[in-house]
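Enquirer: Next up, run-v6.pdb (PDB, C-alpha atoms).
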```
ATOM      1  CA  MET C  10      21.481  -6.549 -12.639  1.00  0.00           C
ATOM      2  CA  ASP C  11      22.837  -3.333 -14.180  1.00  0.00           C
ATOM      3  CA  ARG C  12      20.834  -0.121 -14.471  1.00  0.00           C
ATOM      4  CA  ARG C  13      20.257  -0.472 -18.204  1.00  0.00           C
ATOM      5  CA  SER C  14      18.733  -3.927 -17.718  1.00  0.00           C
ATOM      6  CA  GLN C  15      16.609  -2.607 -14.858  1.00  0.00           C
ATOM      7  CA  ARG C  16      15.326   0.258 -17.051  1.00  0.00           C
ATOM      8  CA  THR C  17      14.538  -2.173 -19.860  1.00  0.00           C
ATOM      9  CA  ARG C  18      12.638  -4.509 -17.552  1.00  0.00           C
ATOM     10  CA  ARG C  19      10.735  -1.580 -16.045  1.00  0.00           C
ATOM     11  CA  ALA C  20       9.781  -0.419 -19.562  1.00  0.00           C
ATOM     12  CA  ILE C  21       8.559  -3.930 -20.385  1.00  0.00           C
ATOM     13  CA  TYR C  22       6.582  -4.155 -17.117  1.00  0.00           C
ATOM     14  CA  GLU C  23       4.963  -0.771 -17.700  1.00  0.00           C
ATOM     15  CA  ALA C  24       4.144  -1.588 -21.318  1.00  0.00           C
ATOM     16  CA  PHE C  25       2.610  -4.908 -20.301  1.00  0.00           C
ATOM     17  CA  SER C  26       0.563  -3.418 -17.461  1.00  0.00           C
ATOM     18  CA  GLY C  27      -0.660  -0.630 -19.749  1.00  0.00           C
ATOM     19  CA  LEU C  28      -1.796  -3.193 -22.305  1.00  0.00           C
ATOM     20  CA  LEU C  29      -3.490  -5.283 -19.602  1.00  0.00           C
ATOM     21  CA  ALA C  30      -5.518  -2.235 -18.615  1.00  0.00           C
ATOM     22  CA  LYS C  31      -6.892  -2.045 -22.169  1.00  0.00           C
ATOM     23  CA  LYS C  32      -7.310  -5.619 -23.333  1.00  0.00           C
ATOM     24  CA  LYS C  33      -7.376  -9.270 -22.315  1.00  0.00           C
ATOM     25  CA  TYR C  34      -4.140 -11.079 -21.620  1.00  0.00           C
ATOM     26  CA  SER C  35      -4.765 -13.612 -24.422  1.00  0.00           C
ATOM     27  CA  GLN C  36      -5.152 -10.778 -26.945  1.00  0.00           C
ATOM     28  CA  ILE C  37      -1.830  -9.141 -26.096  1.00  0.00           C
ATOM     29  CA  THR C  38       0.971 -10.077 -28.447  1.00  0.00           C
ATOM     30  CA  VAL C  39       4.693  -9.881 -27.798  1.00  0.00           C
ATOM     31  CA  GLN C  40       4.885  -7.403 -30.682  1.00  0.00           C
ATOM     32  CA  GLU C  41       2.486  -5.062 -28.881  1.00  0.00           C
ATOM     33  CA  ILE C  42       4.663  -5.254 -25.761  1.00  0.00           C
ATOM     34  CA  LEU C  43       7.737  -4.472 -27.889  1.00  0.00           C
ATOM     35  CA  ASP C  44       6.016  -1.491 -29.493  1.00  0.00           C
ATOM     36  CA  ALA C  45       4.716  -0.115 -26.200  1.00  0.00           C
ATOM     37  CA  ALA C  46       8.100  -0.565 -24.482  1.00  0.00           C
ATOM     38  CA  ASP C  47       9.961   0.758 -27.558  1.00  0.00           C
ATOM     39  CA  ILE C  48      12.387  -2.153 -27.597  1.00  0.00           C
ATOM     40  CA  GLY C  49      13.476  -4.773 -30.103  1.00  0.00           C
ATOM     41  CA  ARG C  50      12.476  -8.415 -30.145  1.00  0.00           C
ATOM     42  CA  SER C  51      15.963  -9.625 -29.199  1.00  0.00           C
ATOM     43  CA  THR C  52      15.952  -7.287 -26.182  1.00  0.00           C
ATOM     44  CA  PHE C  53      12.647  -8.755 -24.978  1.00  0.00           C
ATOM     45  CA  TYR C  54      13.863 -12.338 -25.426  1.00  0.00           C
ATOM     46  CA  ALA C  55      17.109 -11.545 -23.617  1.00  0.00           C
ATOM     47  CA  HIS C  56      14.932 -10.998 -20.540  1.00  0.00           C
ATOM     48  CA  PHE C  57      11.913 -13.293 -21.052  1.00  0.00           C
ATOM     49  CA  SER C  58      11.369 -16.450 -23.060  1.00  0.00           C
ATOM     50  CA  ALA C  59       7.631 -15.773 -23.514  1.00  0.00           C
ATOM     51  CA  LYS C  60       4.757 -13.554 -22.461  1.00  0.00           C
ATOM     52  CA  GLU C  61       3.865 -16.109 -19.763  1.00  0.00           C
ATOM     53  CA  ASP C  62       7.332 -15.750 -18.215  1.00  0.00           C
ATOM     54  CA  LEU C  63       6.794 -12.003 -18.051  1.00  0.00           C
ATOM     55  CA  LEU C  64       3.538 -12.485 -16.132  1.00  0.00           C
ATOM     56  CA  ARG C  65       5.161 -14.985 -13.736  1.00  0.00           C
ATOM     57  CA  GLU C  66       8.075 -12.689 -13.060  1.00  0.00           C
ATOM     58  CA  ILE C  67       5.842  -9.667 -12.513  1.00  0.00           C
ATOM     59  CA  CYS C  68       3.807 -11.615  -9.949  1.00  0.00           C
ATOM     60  CA  ASP C  69       6.896 -12.975  -8.191  1.00  0.00           C
ATOM     61  CA  GLU C  70       8.549  -9.557  -8.087  1.00  0.00           C
ATOM     62  CA  LEU C  71       5.398  -7.819  -6.877  1.00  0.00           C
ATOM     63  CA  PHE C  72       4.615 -10.292  -4.101  1.00  0.00           C
ATOM     64  CA  GLY C  73       8.248 -10.861  -3.190  1.00  0.00           C
ATOM     65  CA  HIS C  74       8.687  -7.145  -2.610  1.00  0.00           C
ATOM     66  CA  ILE C  75       5.406  -6.723  -0.742  1.00  0.00           C
ATOM     67  CA  PHE C  76       5.775  -9.671   1.584  1.00  0.00           C
ATOM     68  CA  TYR C  77       9.502  -9.587   2.305  1.00  0.00           C
ATOM     69  CA  TYR C  78       9.875  -5.890   3.072  1.00  0.00           C
ATOM     70  CA  ALA C  79       7.411  -5.751   5.932  1.00  0.00           C
ATOM     71  CA  PRO C  80       7.613  -2.970   8.531  1.00  0.00           C
ATOM     72  CA  PRO C  81       9.330  -3.665  11.872  1.00  0.00           C
ATOM     73  CA  LEU C  82       7.049  -5.182  14.474  1.00  0.00           C
ATOM     74  CA  SER C  83       6.427  -4.258  18.082  1.00  0.00           C
ATOM     75  CA  PRO C  84       8.017  -6.895  20.347  1.00  0.00           C
ATOM     76  CA  ASP C  85       5.364  -6.751  23.089  1.00  0.00           C
ATOM     77  CA  ALA C  86       2.388  -9.121  22.928  1.00  0.00           C
ATOM     78  CA  GLY C  87      -0.073  -6.270  23.467  1.00  0.00           C
ATOM     79  CA  GLY C  88       1.007  -4.843  20.128  1.00  0.00           C
ATOM     80  CA  GLU C  89       0.004  -7.937  18.153  1.00  0.00           C
ATOM     81  CA  ALA C  90      -3.274  -6.431  16.941  1.00  0.00           C
ATOM     82  CA  GLU C  91      -1.543  -3.233  15.859  1.00  0.00           C
ATOM     83  CA  ASN C  92       1.234  -5.250  14.203  1.00  0.00           C
ATOM     84  CA  LEU C  93      -1.346  -7.124  12.132  1.00  0.00           C
ATOM     85  CA  ARG C  94      -2.980  -3.871  11.055  1.00  0.00           C
ATOM     86  CA  LEU C  95       0.386  -2.365  10.082  1.00  0.00           C
ATOM     87  CA  LEU C  96       1.382  -5.446   8.085  1.00  0.00           C
ATOM     88  CA  LEU C  97      -1.940  -5.547   6.229  1.00  0.00           C
ATOM     89  CA  GLU C  98      -1.731  -1.823   5.525  1.00  0.00           C
ATOM     90  CA  HIS C  99       1.801  -2.343   4.179  1.00  0.00           C
ATOM     91  CA  ILE C 100       0.498  -5.000   1.749  1.00  0.00           C
ATOM     92  CA  LEU C 101      -2.405  -2.828   0.630  1.00  0.00           C
ATOM     93  CA  ASN C 102      -0.253   0.283   0.137  1.00  0.00           C
ATOM     94  CA  HIS C 103       2.081  -1.623  -2.163  1.00  0.00           C
ATOM     95  CA  MET C 104      -0.837  -3.084  -4.078  1.00  0.00           C
ATOM     96  CA  ALA C 105      -2.354   0.386  -4.437  1.00  0.00           C
ATOM     97  CA  ARG C 106       0.918   1.650  -5.974  1.00  0.00           C
ATOM     98  CA  ASP C 107       0.727  -1.098  -8.590  1.00  0.00           C
ATOM     99  CA  GLY C 108      -3.042  -0.762  -8.905  1.00  0.00           C
ATOM    100  CA  LYS C 109      -3.215  -0.216 -12.653  1.00  0.00           C
ATOM    101  CA  MET C 110      -1.258  -3.382 -13.366  1.00  0.00           C
ATOM    102  CA  ILE C 111      -3.137  -5.428 -10.757  1.00  0.00           C
ATOM    103  CA  ARG C 112      -6.536  -4.276 -12.064  1.00  0.00           C
ATOM    104  CA  GLY C 113      -5.448  -5.316 -15.558  1.00  0.00           C
ATOM    105  CA  ILE C 114      -4.374  -8.748 -14.369  1.00  0.00           C
ATOM    106  CA  LEU C 115      -7.495  -9.280 -12.227  1.00  0.00           C
ATOM    107  CA  ALA C 116      -9.720  -8.360 -15.178  1.00  0.00           C
ATOM    108  CA  SER C 117      -7.989 -10.841 -17.467  1.00  0.00           C
ATOM    109  CA  GLU C 118      -8.123 -14.587 -17.815  1.00  0.00           C
ATOM    110  CA  SER C 119      -4.568 -14.593 -16.479  1.00  0.00           C
ATOM    111  CA  SER C 120      -5.923 -13.716 -13.039  1.00  0.00           C
ATOM    112  CA  GLY C 121      -5.733 -17.401 -12.055  1.00  0.00           C
ATOM    113  CA  TYR C 122      -1.940 -17.414 -11.959  1.00  0.00           C
ATOM    114  CA  PHE C 123      -1.868 -14.061 -10.159  1.00  0.00           C
ATOM    115  CA  LEU C 124      -4.319 -15.295  -7.513  1.00  0.00           C
ATOM    116  CA  GLN C 125      -2.433 -18.584  -7.094  1.00  0.00           C
ATOM    117  CA  CYS C 126       0.805 -16.655  -6.541  1.00  0.00           C
ATOM    118  CA  PHE C 127      -0.948 -14.252  -4.136  1.00  0.00           C
ATOM    119  CA  LYS C 128      -2.314 -17.242  -2.192  1.00  0.00           C
ATOM    120  CA  GLU C 129       1.133 -18.843  -1.848  1.00  0.00           C
ATOM    121  CA  TYR C 130       2.615 -15.631  -0.465  1.00  0.00           C
ATOM    122  CA  MET C 131      -0.404 -14.993   1.758  1.00  0.00           C
ATOM    123  CA  ASP C 132      -0.142 -18.516   3.219  1.00  0.00           C
ATOM    124  CA  GLN C 133       3.497 -17.815   4.104  1.00  0.00           C
ATOM    125  CA  PHE C 134       2.453 -14.472   5.623  1.00  0.00           C
ATOM    126  CA  THR C 135      -0.223 -16.206   7.727  1.00  0.00           C
ATOM    127  CA  ASP C 136       2.300 -18.766   8.997  1.00  0.00           C
ATOM    128  CA  ARG C 137       4.916 -16.137   9.772  1.00  0.00           C
ATOM    129  CA  TYR C 138       2.865 -13.274  11.216  1.00  0.00           C
ATOM    130  CA  ILE C 139      -0.445 -14.684  12.426  1.00  0.00           C
ATOM    131  CA  LEU C 140       0.057 -18.317  13.437  1.00  0.00           C
ATOM    132  CA  ARG C 141       3.699 -17.851  14.484  1.00  0.00           C
ATOM    133  CA  GLY C 142       4.047 -21.442  15.695  1.00  0.00           C
ATOM    134  CA  ARG C 143       0.794 -21.441  17.683  1.00  0.00           C
ATOM    135  CA  GLN C 144      -1.052 -24.045  15.601  1.00  0.00           C
ATOM    136  CA  GLY C 145      -1.569 -26.099  18.777  1.00  0.00           C
ATOM    137  CA  GLU C 146      -3.711 -23.309  20.219  1.00  0.00           C
ATOM    138  CA  LEU C 147      -6.309 -23.663  17.444  1.00  0.00           C
ATOM    139  CA  GLY C 148      -8.082 -26.470  19.290  1.00  0.00           C
ATOM    140  CA  ARG C 149     -10.132 -28.663  16.953  1.00  0.00           C
ATOM    141  CA  VAL C 150      -9.464 -26.428  13.934  1.00  0.00           C
ATOM    142  CA  ASP C 151      -7.050 -27.904  11.398  1.00  0.00           C
ATOM    143  CA  PRO C 152      -4.138 -25.423  11.000  1.00  0.00           C
ATOM    144  CA  ASP C 153      -4.153 -25.804   7.204  1.00  0.00           C
ATOM    145  CA  PHE C 154      -7.882 -25.061   7.101  1.00  0.00           C
ATOM    146  CA  PHE C 155      -7.340 -22.031   9.339  1.00  0.00           C
ATOM    147  CA  LYS C 156      -4.489 -20.755   7.170  1.00  0.00           C
ATOM    148  CA  ASN C 157      -6.593 -21.250   4.040  1.00  0.00           C
ATOM    149  CA  HIS C 158      -9.463 -19.314   5.619  1.00  0.00           C
ATOM    150  CA  ILE C 159      -7.279 -16.350   6.599  1.00  0.00           C
ATOM    151  CA  SER C 160      -5.431 -16.203   3.267  1.00  0.00           C
ATOM    152  CA  SER C 161      -8.483 -16.704   1.076  1.00  0.00           C
ATOM    153  CA  SER C 162     -10.603 -14.172   2.907  1.00  0.00           C
ATOM    154  CA  PHE C 163      -7.884 -11.512   2.624  1.00  0.00           C
ATOM    155  CA  ILE C 164      -7.464 -12.209  -1.096  1.00  0.00           C
ATOM    156  CA  GLU C 165     -11.224 -11.864  -1.575  1.00  0.00           C
ATOM    157  CA  ALA C 166     -11.111  -8.598   0.390  1.00  0.00           C
ATOM    158  CA  VAL C 167      -8.426  -7.342  -1.997  1.00  0.00           C
ATOM    159  CA  ARG C 168     -10.467  -8.429  -5.046  1.00  0.00           C
ATOM    160  CA  TRP C 169     -13.487  -6.610  -3.618  1.00  0.00           C
ATOM    161  CA  TRP C 170     -11.321  -3.543  -2.972  1.00  0.00           C
ATOM    162  CA  PHE C 171     -10.071  -3.419  -6.559  1.00  0.00           C
ATOM    163  CA  GLY C 172     -13.562  -4.174  -7.858  1.00  0.00           C
ATOM    164  CA  GLN C 173     -14.975  -1.144  -6.065  1.00  0.00           C
ATOM    165  CA  GLY C 174     -12.188   1.104  -7.366  1.00  0.00           C
ATOM    166  CA  GLN C 175     -10.092   1.157  -4.163  1.00  0.00           C
ATOM    167  CA  ARG C 176     -12.447   3.746  -2.652  1.00  0.00           C
ATOM    168  CA  THR C 177     -11.551   2.510   0.829  1.00  0.00           C
ATOM    169  CA  ALA C 178      -8.186   3.771   2.107  1.00  0.00           C
ATOM    170  CA  PRO C 179      -5.585   1.022   2.662  1.00  0.00           C
ATOM    171  CA  ARG C 180      -5.397   1.837   6.379  1.00  0.00           C
ATOM    172  CA  THR C 181      -9.182   1.606   6.755  1.00  0.00           C
ATOM    173  CA  LEU C 182      -9.400  -1.710   4.916  1.00  0.00           C
ATOM    174  CA  ALA C 183      -6.491  -3.091   6.977  1.00  0.00           C
ATOM    175  CA  GLU C 184      -8.228  -2.056  10.203  1.00  0.00           C
ATOM    176  CA  GLU C 185     -11.576  -3.505   9.114  1.00  0.00           C
ATOM    177  CA  TYR C 186     -10.024  -6.796   8.033  1.00  0.00           C
ATOM    178  CA  ALA C 187      -7.999  -7.067  11.261  1.00  0.00           C
ATOM    179  CA  ASP C 188     -11.166  -6.336  13.266  1.00  0.00           C
ATOM    180  CA  LEU C 189     -12.823  -9.311  11.558  1.00  0.00           C
ATOM    181  CA  ILE C 190      -9.866 -11.661  11.981  1.00  0.00           C
ATOM    182  CA  LEU C 191      -8.602 -10.901  15.479  1.00  0.00           C
ATOM    183  CA  PRO C 192     -11.695 -12.222  17.320  1.00  0.00           C
ATOM    184  CA  ILE C 193     -11.261 -15.691  15.774  1.00  0.00           C
ATOM    185  CA  LEU C 194      -7.691 -16.048  17.057  1.00  0.00           C
ATOM    186  CA  PRO C 195      -7.820 -18.141  20.262  1.00  0.00           C
ATOM    187  CA  TRP C 196      -4.777 -16.375  21.752  1.00  0.00           C
ATOM    188  CA  GLN C 197      -6.489 -12.997  21.260  1.00  0.00           C
ATOM    189  CA  GLN C 198      -9.582 -14.270  23.096  1.00  0.00           C
ATOM    190  CA  LYS C 199      -7.415 -15.462  26.016  1.00  0.00           C
ATOM    191  CA  GLY C 200      -5.739 -12.046  26.160  1.00  0.00           C
ATOM    192  CA  ARG C 201      -9.105 -10.291  26.380  1.00  0.00           C
ATOM    193  CA  ALA C 202     -10.351 -12.739  29.034  1.00  0.00           C
ATOM    194  CA  GLY C 203      -7.372 -11.826  31.219  1.00  0.00           C
ATOM    195  CA  GLU C 204      -8.033  -8.078  30.995  1.00  0.00           C
TER     196      GLU C 204
END
```
Is it possible to express this structure as structure tokens?

Expert:
Amino acid sequence: MDRRSQRTRRAIYEAFSGLLAKKKYSQITVQEILDAADIGRSTFYAHFSAKEDLLREICDELFGHIFYYAPPLSPDAGGEAENLRLLLEHILNHMARDGKMIRGILASESSGYFLQCFKEYMDQFTDRYILRGRQGELGRVDPDFFKNHISSSFIEAVRWWFGQGQRTAPRTLAEEYADLILPILPWQQKGRAGE
């Protein structure tokens, strides 16, 4: 994508997020997005077929960037707890940067799609960085249930965080969430038993 197209899309994203901060998603018209972005109708439709496509693309771009550009991890097993904290902090820092837009989406009736998209990416994150092929070590716990628990509880933590105005620093929230999650991981309990 060329720079002009990138600038246009950024203007549309910013206009849309600014409108979401002021009013409900259903009340936002394409014309208002055009006016706020200072673009023509044909320019908008060259990039998006509808307002719903804009929301989908914003969610996919946001989560794609957050979850696929994770920091490098420590290779030693003793660093697993710190790795989890760093990864969670990475997610929260990115969400904080897009806080205005996310608050607008969470406060709207369009939050359902946003949360569904967040859940899909968080499930992949849980598989890749927490379970890491160790489903057999969960004992009687169904791996899908476990993954749902981890993903859903983190999403609710993020909703709480935005609801309270992000007063907690991303690092602090990441540490607190990791402190709650690590004790339920069977492989973490085995590691502590061997200390």

Enquirer: Quick one: residues within 12 Å of C:Arg16, only C-alpha atoms, excluding same-chain residues fewer than 4 positions away - as a PyMOL selection string?

Expert: chain C and resi 10-12+20-23+46-48+52+56

Enquirer: Counting all atoms listed in the file, what is within 7 Å of stretch 33-36 of chain C, bar same-chain residues fewer than 6 positions away, as a list in words?

Expert: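 Neighbouring residues, sequence-local ones excluded: Ser117, Glu118 and Ser119 of chain C.
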
Enquirer: Quick one: what's the axis-aligned box for stretch 11-17 of chain C, all listed atoms, 5 Å on every side, centre and edges in Å to one decimal, as lines of an AutoDock Vina configuration file?

Expert:
```
center_x = 18.7
center_y = -1.8
center_z = -17.0
size_x = 18.3
size_y = 14.2
size_z = 15.7
```

Enquirer: Residues near C:Arg168, anyone? I mean within 10 Å using only C-alpha atoms, not counting same-chain ones fewer than 6 positions away, as a short mmCIF file (atom, residue, chain, number, x, y, z; two decimals) with C-alpha atoms, in the frame of the given file.

Expert:
```
data_model
loop_
_atom_site.label_atom_id
_atom_site.label_comp_id
_atom_site.auth_asym_id
_atom_site.auth_seq_id
_atom_site.Cartn_x
_atom_site.Cartn_y
_atom_site.Cartn_z
CA ILE C 111 -3.14 -5.43 -10.76
CA ARG C 112 -6.54 -4.28 -12.06
CA LEU C 115 -7.50 -9.28 -12.23
CA LEU C 124 -4.32 -15.30 -7.51
CA SER C 162 -10.60 -14.17 2.91
CA GLY C 174 -12.19 1.10 -7.37
CA GLN C 175 -10.09 1.16 -4.16
#
```

Enquirer: Can you find the residues with an atom no farther than 10 Å from (-3.4, -20.5, 12.2), counting only C-alpha atoms, and report them as a PyMOL selection string?

Expert: chain C and resi 132+135-147+150-159+193-195

Enquirer: Could you turn the residues from that selection into a file that holds C-alpha atoms, as an mmCIF file, in the coordinates of the input?

Expert:
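Writing the result to result.cif gives the following:
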```cif
data_model
loop_
_atom_site.group_PDB
_atom_site.id
_atom_site.type_symbol
_atom_site.label_atom_id
_atom_site.label_comp_id
_atom_site.auth_asym_id
_atom_site.auth_seq_id
_atom_site.Cartn_x
_atom_site.Cartn_y
_atom_site.Cartn_z
ATOM 1 C CA ASP C 132 -0.142 -18.516 3.219
ATOM 2 C CA THR C 135 -0.223 -16.206 7.727
ATOM 3 C CA ASP C 136 2.300 -18.766 8.997
ATOM 4 C CA ARG C 137 4.916 -16.137 9.772
ATOM 5 C CA TYR C 138 2.865 -13.274 11.216
ATOM 6 C CA ILE C 139 -0.445 -14.684 12.426
ATOM 7 C CA LEU C 140 0.057 -18.317 13.437
ATOM 8 C CA ARG C 141 3.699 -17.851 14.484
ATOM 9 C CA GLY C 142 4.047 -21.442 15.695
ATOM 10 C CA ARG C 143 0.794 -21.441 17.683
ATOM 11 C CA GLN C 144 -1.052 -24.045 15.601
ATOM 12 C CA GLY C 145 -1.569 -26.099 18.777
ATOM 13 C CA GLU C 146 -3.711 -23.309 20.219
ATOM 14 C CA LEU C 147 -6.309 -23.663 17.444
ATOM 15 C CA VAL C 150 -9.464 -26.428 13.934
ATOM 16 C CA ASP C 151 -7.050 -27.904 11.398
ATOM 17 C CA PRO C 152 -4.138 -25.423 11.000
ATOM 18 C CA ASP C 153 -4.153 -25.804 7.204
ATOM 19 C CA PHE C 154 -7.882 -25.061 7.101
ATOM 20 C CA PHE C 155 -7.340 -22.031 9.339
ATOM 21 C CA LYS C 156 -4.489 -20.755 7.170
ATOM 22 C CA ASN C 157 -6.593 -21.250 4.040
ATOM 23 C CA HIS C 158 -9.463 -19.314 5.619
ATOM 24 C CA ILE C 159 -7.279 -16.350 6.599
ATOM 25 C CA ILE C 193 -11.261 -15.691 15.774
ATOM 26 C CA LEU C 194 -7.691 -16.048 17.057
ATOM 27 C CA PRO C 195 -7.820 -18.141 20.262
#
```

Enquirer: Can you turn the PyMOL selection byres ((chain C and resi 167) around 12) into a concrete residue list for this file, as a count of residues only?

Expert: 38

Enquirer: To one decimal place in Å, what is the distance between atom CA of C:Thr17 and atom CA of C:Leu63?

Expert: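 Interatomic distance here is 12.6 Å.
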
Enquirer: Report, in Å to a single decimal, how far apart atom CA of C:Arg13 and atom CA of C:Lys32 are.

Expert: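 Atom CA of C:Lys32 sits 28.5 Å away from atom CA of C:Arg13.
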
Enquirer: For C:Arg19, which residue among C:Lys31, C:Gln40, C:Leu95, C:Phe53 is the nearest when counting all atoms listed in the file?

Expert: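 For C:Arg19, the nearest of the candidates is C:Phe53.
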
Enquirer: Give the answer as one residue: which of C:Ile67, C:Ala59, C:Thr181, C:Asn92 has the shortest atom-to-atom distance to C:Arg18, using all atoms listed in the file?

Expert: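 Closest residue, counting all atoms listed in the file: C:Ile67.
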
Enquirer: Rounded to one decimal, what separation in Å do you get between atom CA of C:Gly121 and atom CA of C:Val39?

Expert: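 Going from atom CA of C:Gly121 over to atom CA of C:Val39 covers 20.3 Å.
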
Enquirer: Could you expand the PyMOL selection byres ((chain C and resi 28) around 9) into the explicit residues it covers here, written as a PyMOL selection string?

Expert: chain C and resi 23-27+29-34+37+41-42+45+110+113

Enquirer: On this structure, the PyMOL selection byres ((chain C and resi 76) around 9) would catch which residues? List them as a ChimeraX atom specification, sorted by chain and number.

Expert: /C:71-75,77-79,96,99-100,130-131,133-134

Enquirer: Please produce a file of the residues just selected, as an mmCIF file, keeping the file's coordinate frame, where the atoms kept are C-alpha atoms.

Expert:
```cif
data_model
loop_
_atom_site.group_PDB
_atom_site.id
_atom_site.type_symbol
_atom_site.label_atom_id
_atom_site.label_comp_id
_atom_site.auth_asym_id
_atom_site.auth_seq_id
_atom_site.Cartn_x
_atom_site.Cartn_y
_atom_site.Cartn_z
ATOM 1 C CA LEU C 71 5.398 -7.819 -6.877
ATOM 2 C CA PHE C 72 4.615 -10.292 -4.101
ATOM 3 C CA GLY C 73 8.248 -10.861 -3.190
ATOM 4 C CA HIS C 74 8.687 -7.145 -2.610
ATOM 5 C CA ILE C 75 5.406 -6.723 -0.742
ATOM 6 C CA TYR C 77 9.502 -9.587 2.305
ATOM 7 C CA TYR C 78 9.875 -5.890 3.072
ATOM 8 C CA ALA C 79 7.411 -5.751 5.932
ATOM 9 C CA LEU C 96 1.382 -5.446 8.085
ATOM 10 C CA HIS C 99 1.801 -2.343 4.179
ATOM 11 C CA ILE C 100 0.498 -5.000 1.749
ATOM 12 C CA TYR C 130 2.615 -15.631 -0.465
ATOM 13 C CA MET C 131 -0.404 -14.993 1.758
ATOM 14 C CA GLN C 133 3.497 -17.815 4.104
ATOM 15 C CA PHE C 134 2.453 -14.472 5.623
#
```

Enquirer: Which of these residues is nearest to C:Tyr122, using only C-alpha atoms: C:Gly88, C:Arg65, C:Gly148, C:Trp196?

Expert: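 Ranked by minimum distance to C:Tyr122, first place goes to C:Arg65.
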
Enquirer: Can you pull stretch 140-191 of chain C out of that block with C-alpha atoms and hand it back as a PDB file, in the first residue's frame?

Expert:
```
ATOM      1  CA  LEU C 140      -0.281 -23.793  26.670  1.00  0.00           C
ATOM      2  CA  ARG C 141       2.558 -24.274  24.163  1.00  0.00           C
ATOM      3  CA  GLY C 142       1.597 -27.881  23.424  1.00  0.00           C
ATOM      4  CA  ARG C 143       1.219 -28.883  27.083  1.00  0.00           C
ATOM      5  CA  GLN C 144      -2.526 -29.586  27.012  1.00  0.00           C
ATOM      6  CA  GLY C 145      -1.807 -33.105  28.308  1.00  0.00           C
ATOM      7  CA  GLU C 146      -0.460 -31.626  31.541  1.00  0.00           C
ATOM      8  CA  LEU C 147      -3.837 -30.076  32.418  1.00  0.00           C
ATOM      9  CA  GLY C 148      -5.058 -33.314  33.983  1.00  0.00           C
ATOM     10  CA  ARG C 149      -8.855 -33.525  34.085  1.00  0.00           C
ATOM     11  CA  VAL C 150      -9.294 -29.967  32.780  1.00  0.00           C
ATOM     12  CA  ASP C 151     -10.512 -29.757  29.187  1.00  0.00           C
ATOM     13  CA  PRO C 152      -7.918 -27.720  27.209  1.00  0.00           C
ATOM     14  CA  ASP C 153     -10.640 -25.733  25.422  1.00  0.00           C
ATOM     15  CA  PHE C 154     -12.247 -24.854  28.755  1.00  0.00           C
ATOM     16  CA  PHE C 155      -8.847 -23.827  30.123  1.00  0.00           C
ATOM     17  CA  LYS C 156      -8.107 -21.677  27.076  1.00  0.00           C
ATOM     18  CA  ASN C 157     -11.538 -20.055  27.334  1.00  0.00           C
ATOM     19  CA  HIS C 158     -10.940 -19.294  31.015  1.00  0.00           C
ATOM     20  CA  ILE C 159      -7.554 -17.660  30.404  1.00  0.00           C
ATOM     21  CA  SER C 160      -8.715 -15.645  27.382  1.00  0.00           C
ATOM     22  CA  SER C 161     -12.022 -14.537  28.866  1.00  0.00           C
ATOM     23  CA  SER C 162     -10.546 -13.499  32.184  1.00  0.00           C
ATOM     24  CA  PHE C 163      -7.879 -11.378  30.469  1.00  0.00           C
ATOM     25  CA  ILE C 164     -10.496  -9.714  28.259  1.00  0.00           C
ATOM     26  CA  GLU C 165     -12.582  -8.923  31.343  1.00  0.00           C
ATOM     27  CA  ALA C 166      -9.459  -7.518  33.019  1.00  0.00           C
ATOM     28  CA  VAL C 167      -8.960  -5.241  30.010  1.00  0.00           C
ATOM     29  CA  ARG C 168     -12.625  -4.143  30.088  1.00  0.00           C
ATOM     30  CA  TRP C 169     -12.269  -3.375  33.798  1.00  0.00           C
ATOM     31  CA  TRP C 170      -9.056  -1.457  33.081  1.00  0.00           C
ATOM     32  CA  PHE C 171     -10.708   0.730  30.448  1.00  0.00           C
ATOM     33  CA  GLY C 172     -13.792   1.124  32.635  1.00  0.00           C
ATOM     34  CA  GLN C 173     -11.703   2.538  35.469  1.00  0.00           C
ATOM     35  CA  GLY C 174      -9.898   4.942  33.130  1.00  0.00           C
ATOM     36  CA  GLN C 175      -6.661   2.926  32.790  1.00  0.00           C
ATOM     37  CA  ARG C 176      -5.488   4.215  36.179  1.00  0.00           C
ATOM     38  CA  THR C 177      -3.390   1.078  36.632  1.00  0.00           C
ATOM     39  CA  ALA C 178      -0.112   1.107  34.682  1.00  0.00           C
ATOM     40  CA  PRO C 179       0.121  -1.572  31.962  1.00  0.00           C
ATOM     41  CA  ARG C 180       3.116  -3.177  33.684  1.00  0.00           C
ATOM     42  CA  THR C 181       1.269  -3.359  37.013  1.00  0.00           C
ATOM     43  CA  LEU C 182      -1.852  -4.873  35.469  1.00  0.00           C
ATOM     44  CA  ALA C 183       0.277  -7.391  33.533  1.00  0.00           C
ATOM     45  CA  GLU C 184       2.065  -8.409  36.737  1.00  0.00           C
ATOM     46  CA  GLU C 185      -1.180  -8.701  38.706  1.00  0.00           C
ATOM     47  CA  TYR C 186      -2.867 -10.761  36.000  1.00  0.00           C
ATOM     48  CA  ALA C 187       0.173 -13.046  35.642  1.00  0.00           C
ATOM     49  CA  ASP C 188       0.245 -13.482  39.435  1.00  0.00           C
ATOM     50  CA  LEU C 189      -3.354 -14.717  39.269  1.00  0.00           C
ATOM     51  CA  ILE C 190      -2.807 -17.021  36.296  1.00  0.00           C
ATOM     52  CA  LEU C 191       0.573 -18.603  36.989  1.00  0.00           C
TER      53      LEU C 191
END
```
